[in-house]
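Asks: As input, take structure-v1.cif (mmCIF, N, CA and C atoms):
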```cif
data_input
loop_
_atom_site.label_atom_id
_atom_site.label_comp_id
_atom_site.auth_asym_id
_atom_site.auth_seq_id
_atom_site.Cartn_x
_atom_site.Cartn_y
_atom_site.Cartn_z
N MET A 1 125.86 111.34 89.81
CA MET A 1 125.78 110.88 91.17
C MET A 1 125.34 109.42 91.15
N ASN A 2 126.17 108.58 91.74
CA ASN A 2 125.87 107.16 91.78
C ASN A 2 125.78 106.69 93.23
N PRO A 3 124.58 106.42 93.72
CA PRO A 3 124.44 106.00 95.12
C PRO A 3 124.96 104.60 95.39
N MET A 4 125.19 103.80 94.34
CA MET A 4 125.61 102.42 94.54
C MET A 4 126.95 102.33 95.26
N HIS A 5 127.80 103.36 95.09
CA HIS A 5 129.09 103.38 95.78
C HIS A 5 128.91 103.20 97.30
N HIS A 6 127.82 103.70 97.82
CA HIS A 6 127.55 103.64 99.26
C HIS A 6 126.79 102.39 99.68
N LEU A 7 126.46 101.53 98.70
CA LEU A 7 125.61 100.38 99.00
C LEU A 7 126.26 99.04 98.67
N VAL A 8 127.45 99.06 98.10
CA VAL A 8 128.14 97.81 97.78
C VAL A 8 129.32 97.63 98.73
N GLY A 9 129.84 96.40 98.77
CA GLY A 9 130.91 96.13 99.72
C GLY A 9 130.36 96.30 101.12
N LYS A 10 130.94 97.20 101.86
CA LYS A 10 130.42 97.52 103.19
C LYS A 10 129.43 98.67 103.02
N ALA A 11 128.15 98.33 103.07
CA ALA A 11 127.10 99.34 102.87
C ALA A 11 127.11 100.36 103.99
N ASN A 12 126.78 101.59 103.65
CA ASN A 12 126.71 102.67 104.63
C ASN A 12 125.66 102.34 105.69
N GLY A 13 126.11 102.12 106.90
CA GLY A 13 125.21 101.78 108.00
C GLY A 13 124.31 102.91 108.44
N SER A 14 124.60 104.12 108.01
CA SER A 14 123.79 105.29 108.39
C SER A 14 122.72 105.62 107.35
N ARG A 15 122.58 104.77 106.34
CA ARG A 15 121.61 105.06 105.28
C ARG A 15 120.18 104.94 105.81
N SER A 16 119.26 105.52 105.08
CA SER A 16 117.84 105.33 105.38
C SER A 16 117.49 103.86 105.19
N ARG A 17 116.52 103.39 105.92
CA ARG A 17 116.05 102.01 105.76
C ARG A 17 114.71 101.97 105.03
N HIS A 18 114.20 103.14 104.63
CA HIS A 18 112.92 103.26 103.94
C HIS A 18 113.12 104.09 102.68
N TRP A 19 112.66 103.56 101.53
CA TRP A 19 112.90 104.20 100.25
C TRP A 19 111.63 104.26 99.41
N TRP A 20 111.37 105.41 98.84
CA TRP A 20 110.25 105.64 97.91
C TRP A 20 110.91 106.05 96.60
N ILE A 21 110.89 105.15 95.61
CA ILE A 21 111.58 105.39 94.35
C ILE A 21 110.55 105.45 93.22
N ARG A 22 110.52 106.55 92.49
CA ARG A 22 109.60 106.73 91.38
C ARG A 22 110.37 107.22 90.17
N LEU A 23 109.95 106.74 89.00
CA LEU A 23 110.61 107.10 87.75
C LEU A 23 109.60 107.02 86.62
N GLY A 24 109.61 107.98 85.72
CA GLY A 24 108.74 107.92 84.56
C GLY A 24 109.35 107.06 83.47
N THR A 25 108.52 106.34 82.74
CA THR A 25 109.05 105.47 81.68
C THR A 25 109.58 106.26 80.49
N LYS A 26 109.25 107.55 80.41
CA LYS A 26 109.81 108.40 79.36
C LYS A 26 110.90 109.33 79.90
N ASP A 27 111.43 109.01 81.07
CA ASP A 27 112.50 109.82 81.67
C ASP A 27 113.74 109.72 80.79
N THR A 28 114.24 110.86 80.35
CA THR A 28 115.44 110.88 79.52
C THR A 28 116.68 111.26 80.31
N ASP A 29 116.52 111.52 81.61
CA ASP A 29 117.64 111.94 82.45
C ASP A 29 118.18 110.82 83.33
N THR A 30 117.36 109.83 83.62
CA THR A 30 117.77 108.72 84.49
C THR A 30 117.41 107.40 83.83
N SER A 31 118.37 106.50 83.73
CA SER A 31 118.11 105.20 83.12
C SER A 31 117.21 104.37 84.02
N HIS A 32 116.33 103.60 83.42
CA HIS A 32 115.46 102.71 84.18
C HIS A 32 116.27 101.69 84.98
N THR A 33 117.41 101.31 84.45
CA THR A 33 118.23 100.34 85.16
C THR A 33 118.83 100.92 86.44
N VAL A 34 119.03 102.22 86.48
CA VAL A 34 119.55 102.85 87.71
C VAL A 34 118.55 102.65 88.85
N ALA A 35 117.28 102.96 88.59
CA ALA A 35 116.25 102.79 89.62
C ALA A 35 116.06 101.31 89.95
N GLY A 36 116.08 100.47 88.94
CA GLY A 36 115.93 99.03 89.16
C GLY A 36 117.06 98.44 89.98
N ASN A 37 118.29 98.80 89.64
CA ASN A 37 119.45 98.30 90.40
C ASN A 37 119.45 98.83 91.82
N LEU A 38 119.11 100.09 92.00
CA LEU A 38 119.04 100.68 93.33
C LEU A 38 117.99 99.96 94.17
N SER A 39 116.82 99.76 93.61
CA SER A 39 115.75 99.07 94.32
C SER A 39 116.16 97.65 94.68
N ALA A 40 116.76 96.94 93.73
CA ALA A 40 117.18 95.55 93.99
C ALA A 40 118.24 95.49 95.09
N ARG A 41 119.20 96.38 95.05
CA ARG A 41 120.27 96.36 96.06
C ARG A 41 119.72 96.69 97.45
N LEU A 42 118.87 97.70 97.52
CA LEU A 42 118.31 98.09 98.82
C LEU A 42 117.43 96.98 99.39
N THR A 43 116.65 96.35 98.52
CA THR A 43 115.82 95.22 98.96
C THR A 43 116.71 94.09 99.46
N GLY A 44 117.81 93.84 98.74
CA GLY A 44 118.76 92.81 99.15
C GLY A 44 119.41 93.10 100.50
N LEU A 45 119.53 94.37 100.83
CA LEU A 45 120.09 94.76 102.13
C LEU A 45 119.05 94.68 103.25
N GLY A 46 117.80 94.39 102.88
CA GLY A 46 116.73 94.28 103.87
C GLY A 46 115.98 95.56 104.13
N ASP A 47 116.22 96.57 103.31
CA ASP A 47 115.53 97.85 103.50
C ASP A 47 114.09 97.77 102.97
N ASP A 48 113.25 98.66 103.46
CA ASP A 48 111.86 98.79 103.01
C ASP A 48 111.88 99.66 101.75
N VAL A 49 111.55 99.06 100.60
CA VAL A 49 111.65 99.77 99.33
C VAL A 49 110.30 99.74 98.61
N ASP A 50 109.81 100.90 98.20
CA ASP A 50 108.57 101.02 97.45
C ASP A 50 108.94 101.67 96.11
N THR A 51 108.95 100.88 95.05
CA THR A 51 109.39 101.35 93.73
C THR A 51 108.27 101.21 92.72
N SER A 52 108.06 102.25 91.93
CA SER A 52 107.10 102.20 90.83
C SER A 52 107.60 103.05 89.68
N TYR A 53 107.16 102.66 88.49
CA TYR A 53 107.44 103.45 87.28
C TYR A 53 106.12 104.03 86.81
N TYR A 54 106.12 105.33 86.46
CA TYR A 54 104.93 105.98 85.91
C TYR A 54 104.93 105.79 84.40
N TRP A 55 103.88 105.18 83.88
CA TRP A 55 103.78 104.93 82.46
C TRP A 55 103.66 106.25 81.70
N ASP A 56 104.47 106.41 80.68
CA ASP A 56 104.48 107.59 79.79
C ASP A 56 104.78 108.91 80.50
N ALA A 57 105.41 108.84 81.65
CA ALA A 57 105.77 110.08 82.37
C ALA A 57 107.26 110.37 82.18
N GLY A 58 107.60 111.63 82.29
CA GLY A 58 108.98 112.04 82.12
C GLY A 58 109.71 112.20 83.45
N HIS A 59 110.82 112.90 83.38
CA HIS A 59 111.66 113.14 84.55
C HIS A 59 110.92 114.03 85.55
N GLY A 60 110.98 113.67 86.81
CA GLY A 60 110.35 114.48 87.85
C GLY A 60 108.85 114.27 87.99
N ALA A 61 108.34 113.22 87.37
CA ALA A 61 106.89 112.95 87.47
C ALA A 61 106.51 112.66 88.92
N ASP A 62 105.34 113.14 89.28
CA ASP A 62 104.83 112.92 90.64
C ASP A 62 103.34 112.68 90.54
N GLN A 63 102.96 111.42 90.30
CA GLN A 63 101.57 111.12 90.04
C GLN A 63 100.81 110.55 91.23
N ASP A 64 101.48 110.35 92.34
CA ASP A 64 100.77 109.80 93.51
C ASP A 64 101.22 110.48 94.81
N PRO A 65 101.13 111.82 94.87
CA PRO A 65 101.58 112.52 96.07
C PRO A 65 100.82 112.13 97.33
N ALA A 66 99.53 111.82 97.21
CA ALA A 66 98.77 111.42 98.41
C ALA A 66 99.29 110.08 98.95
N ASP A 67 99.63 109.16 98.04
CA ASP A 67 100.21 107.89 98.47
C ASP A 67 101.55 108.11 99.16
N PHE A 68 102.32 109.05 98.65
CA PHE A 68 103.62 109.36 99.26
C PHE A 68 103.43 109.87 100.69
N ILE A 69 102.47 110.74 100.89
CA ILE A 69 102.20 111.28 102.23
C ILE A 69 101.76 110.15 103.17
N ARG A 70 100.89 109.26 102.68
CA ARG A 70 100.48 108.11 103.50
C ARG A 70 101.65 107.21 103.83
N TRP A 71 102.55 107.01 102.86
CA TRP A 71 103.73 106.19 103.08
C TRP A 71 104.63 106.82 104.16
N ILE A 72 104.83 108.12 104.08
CA ILE A 72 105.64 108.81 105.09
C ILE A 72 105.01 108.63 106.47
N ALA A 73 103.69 108.78 106.56
CA ALA A 73 103.01 108.62 107.84
C ALA A 73 103.19 107.20 108.37
N ALA A 74 103.07 106.20 107.50
CA ALA A 74 103.22 104.81 107.94
C ALA A 74 104.65 104.53 108.39
N VAL A 75 105.62 105.01 107.63
CA VAL A 75 107.03 104.77 107.96
C VAL A 75 107.42 105.47 109.26
N SER A 76 106.90 106.66 109.45
CA SER A 76 107.27 107.45 110.63
C SER A 76 106.42 107.12 111.86
N GLY A 77 105.30 106.41 111.64
CA GLY A 77 104.40 106.11 112.74
C GLY A 77 103.50 107.28 113.10
N HIS A 78 103.45 108.27 112.23
CA HIS A 78 102.61 109.45 112.47
C HIS A 78 101.13 109.08 112.44
N GLN A 79 100.39 109.58 113.38
CA GLN A 79 98.95 109.35 113.40
C GLN A 79 98.23 110.64 113.07
N ASP A 80 97.14 110.50 112.33
CA ASP A 80 96.35 111.70 112.03
C ASP A 80 95.59 112.14 113.28
N HIS A 81 94.86 113.21 113.19
CA HIS A 81 94.16 113.76 114.34
C HIS A 81 93.09 112.81 114.90
N ARG A 82 92.72 111.76 114.14
CA ARG A 82 91.75 110.78 114.62
C ARG A 82 92.44 109.58 115.25
N GLY A 83 93.77 109.62 115.30
CA GLY A 83 94.52 108.53 115.93
C GLY A 83 94.82 107.36 115.01
N ARG A 84 94.61 107.55 113.70
CA ARG A 84 94.86 106.47 112.74
C ARG A 84 96.24 106.64 112.13
N LEU A 85 96.90 105.50 111.90
CA LEU A 85 98.19 105.54 111.19
C LEU A 85 97.96 105.83 109.73
N GLY A 86 99.03 106.23 109.05
CA GLY A 86 98.94 106.61 107.66
C GLY A 86 98.49 105.49 106.74
N ARG A 87 98.75 104.25 107.06
CA ARG A 87 98.34 103.14 106.20
C ARG A 87 97.49 102.18 106.95
#
```
Can the structure in the file be given as structure tokens, please?
Replies:
Amino acid sequence: MNPMHHLVGKANGSRSRHWWIRLGTKDTDTSHTVAGNLSARLTGLGDDVDTSYYWDAGHGADQDPADFIRWIAAVSGHQDHRGRLGR
């Protein structure tokens, strides 16, 4: 699956404008350049992109789930029960 097809030439106007991209540096299923190129292209399109690599982590690593939840709250404008935004 190559998402770049939808992001080059005439980019898909219905795409998300917010991206959370994570990859482990020991991932053997996805090349680091795939995440890097995706992040660079989306940033070039003006999208909000948050990309990080987990050091010594493999495929499917999830080392900052609380940050992800805060990011979702900030992107969506969700407020917690105290009326504070996620970020």
Asks: Written as a PyMOL selection string, which residues does the PyMOL selection byres ((chain A and resi 24) around 6) give for the file shown?
Replies: chain A and resi 22-23+25-27+53-61
Asks: Could you give me the residues within chain A that DSSP places in helix (DSSP H, G or I), as an mmCIF file with N, CA and C atoms, keeping the file's coordinate frame?
Replies:
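Result went into out.cif, see below:
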```cif
data_model
loop_
_atom_site.group_PDB
_atom_site.id
_atom_site.type_symbol
_atom_site.label_atom_id
_atom_site.label_comp_id
_atom_site.auth_asym_id
_atom_site.auth_seq_id
_atom_site.Cartn_x
_atom_site.Cartn_y
_atom_site.Cartn_z
ATOM 1 N N PRO A 3 124.580 106.420 93.720
ATOM 2 C CA PRO A 3 124.440 106.000 95.120
ATOM 3 C C PRO A 3 124.960 104.600 95.390
ATOM 4 N N MET A 4 125.190 103.800 94.340
ATOM 5 C CA MET A 4 125.610 102.420 94.540
ATOM 6 C C MET A 4 126.950 102.330 95.260
ATOM 7 N N HIS A 5 127.800 103.360 95.090
ATOM 8 C CA HIS A 5 129.090 103.380 95.780
ATOM 9 C C HIS A 5 128.910 103.200 97.300
ATOM 10 N N HIS A 6 127.820 103.700 97.820
ATOM 11 C CA HIS A 6 127.550 103.640 99.260
ATOM 12 C C HIS A 6 126.790 102.390 99.680
ATOM 13 N N HIS A 32 116.330 103.600 83.420
ATOM 14 C CA HIS A 32 115.460 102.710 84.180
ATOM 15 C C HIS A 32 116.270 101.690 84.980
ATOM 16 N N THR A 33 117.410 101.310 84.450
ATOM 17 C CA THR A 33 118.230 100.340 85.160
ATOM 18 C C THR A 33 118.830 100.920 86.440
ATOM 19 N N VAL A 34 119.030 102.220 86.480
ATOM 20 C CA VAL A 34 119.550 102.850 87.710
ATOM 21 C C VAL A 34 118.550 102.650 88.850
ATOM 22 N N ALA A 35 117.280 102.960 88.590
ATOM 23 C CA ALA A 35 116.250 102.790 89.620
ATOM 24 C C ALA A 35 116.060 101.310 89.950
ATOM 25 N N GLY A 36 116.080 100.470 88.940
ATOM 26 C CA GLY A 36 115.930 99.030 89.160
ATOM 27 C C GLY A 36 117.060 98.440 89.980
ATOM 28 N N ASN A 37 118.290 98.800 89.640
ATOM 29 C CA ASN A 37 119.450 98.300 90.400
ATOM 30 C C ASN A 37 119.450 98.830 91.820
ATOM 31 N N LEU A 38 119.110 100.090 92.000
ATOM 32 C CA LEU A 38 119.040 100.680 93.330
ATOM 33 C C LEU A 38 117.990 99.960 94.170
ATOM 34 N N SER A 39 116.820 99.760 93.610
ATOM 35 C CA SER A 39 115.750 99.070 94.320
ATOM 36 C C SER A 39 116.160 97.650 94.680
ATOM 37 N N ALA A 40 116.760 96.940 93.730
ATOM 38 C CA ALA A 40 117.180 95.550 93.990
ATOM 39 C C ALA A 40 118.240 95.490 95.090
ATOM 40 N N ARG A 41 119.200 96.380 95.050
ATOM 41 C CA ARG A 41 120.270 96.360 96.060
ATOM 42 C C ARG A 41 119.720 96.690 97.450
ATOM 43 N N LEU A 42 118.870 97.700 97.520
ATOM 44 C CA LEU A 42 118.310 98.090 98.820
ATOM 45 C C LEU A 42 117.430 96.980 99.390
ATOM 46 N N THR A 43 116.650 96.350 98.520
ATOM 47 C CA THR A 43 115.820 95.220 98.960
ATOM 48 C C THR A 43 116.710 94.090 99.460
ATOM 49 N N GLY A 44 117.810 93.840 98.740
ATOM 50 C CA GLY A 44 118.760 92.810 99.150
ATOM 51 C C GLY A 44 119.410 93.100 100.500
ATOM 52 N N PRO A 65 101.130 111.820 94.870
ATOM 53 C CA PRO A 65 101.580 112.520 96.070
ATOM 54 C C PRO A 65 100.820 112.130 97.330
ATOM 55 N N ALA A 66 99.530 111.820 97.210
ATOM 56 C CA ALA A 66 98.770 111.420 98.410
ATOM 57 C C ALA A 66 99.290 110.080 98.950
ATOM 58 N N ASP A 67 99.630 109.160 98.040
ATOM 59 C CA ASP A 67 100.210 107.890 98.470
ATOM 60 C C ASP A 67 101.550 108.110 99.160
ATOM 61 N N PHE A 68 102.320 109.050 98.650
ATOM 62 C CA PHE A 68 103.620 109.360 99.260
ATOM 63 C C PHE A 68 103.430 109.870 100.690
ATOM 64 N N ILE A 69 102.470 110.740 100.890
ATOM 65 C CA ILE A 69 102.200 111.280 102.230
ATOM 66 C C ILE A 69 101.760 110.150 103.170
ATOM 67 N N ARG A 70 100.890 109.260 102.680
ATOM 68 C CA ARG A 70 100.480 108.110 103.500
ATOM 69 C C ARG A 70 101.650 107.210 103.830
ATOM 70 N N TRP A 71 102.550 107.010 102.860
ATOM 71 C CA TRP A 71 103.730 106.190 103.080
ATOM 72 C C TRP A 71 104.630 106.820 104.160
ATOM 73 N N ILE A 72 104.830 108.120 104.080
ATOM 74 C CA ILE A 72 105.640 108.810 105.090
ATOM 75 C C ILE A 72 105.010 108.630 106.470
ATOM 76 N N ALA A 73 103.690 108.780 106.560
ATOM 77 C CA ALA A 73 103.010 108.620 107.840
ATOM 78 C C ALA A 73 103.190 107.200 108.370
ATOM 79 N N ALA A 74 103.070 106.200 107.500
ATOM 80 C CA ALA A 74 103.220 104.810 107.940
ATOM 81 C C ALA A 74 104.650 104.530 108.390
ATOM 82 N N VAL A 75 105.620 105.010 107.630
ATOM 83 C CA VAL A 75 107.030 104.770 107.960
ATOM 84 C C VAL A 75 107.420 105.470 109.260
ATOM 85 N N SER A 76 106.900 106.660 109.450
ATOM 86 C CA SER A 76 107.270 107.450 110.630
ATOM 87 C C SER A 76 106.420 107.120 111.860
#
```
Asks: In the coordinates of the file, take the point (114.2, 97.2, 103.5) and a cut-off of 12 Å; then, counting only C-alpha atoms, name each qualifying protein, DNA or RNA residue as number ranges by chain.
Replies: A: 15-20, 38-51, 75
Asks: I'd like the interatomic distance between atom N of Asn12 of chain A and atom CA of Asn37 of chain A, to a tenth of an Å.
Replies: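 Answer for the atom N of Asn12 of chain A to atom CA of Asn37 of chain A separation: 15.5 Å.
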Asks: What residues in chain A get the DSSP label strand (DSSP E)? Please answer as an NGL selection string.
Replies: :A and (18-24 or 48-54)
Asks: Measure the distance from atom CA of Ile72 of chain A to atom C of Gly9 of chain A in Å and round it to one decimal.
Replies: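 Rounded to one decimal, the two atoms are 28.0 Å apart.
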Asks: Using atom C of Val34 of chain A and atom N of Asn2 of chain A as the two end points, give the distance in Å to one decimal.
Replies: 10.1 Å
Asks: Around segment 17-25 of chain A, fit a box with edges along x, y and z, padding it by 5 Å on each side, then list its centre and edge lengths in Å to one decimal as lines of an AutoDock Vina configuration file.
Replies:
```
center_x = 112.5
center_y = 105.0
center_z = 93.2
size_x = 18.0
size_y = 16.0
size_z = 35.4
```
Asks: Compare A:Ile21, A:Ile69, A:Ala11, A:Ala35 by their minimum atom-to-atom distance to Ser52 of chain A, counting all atoms listed in the file, and give me the closest one.
Replies: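 For Ser52 of chain A, the nearest of the given residues is A:Ile21.
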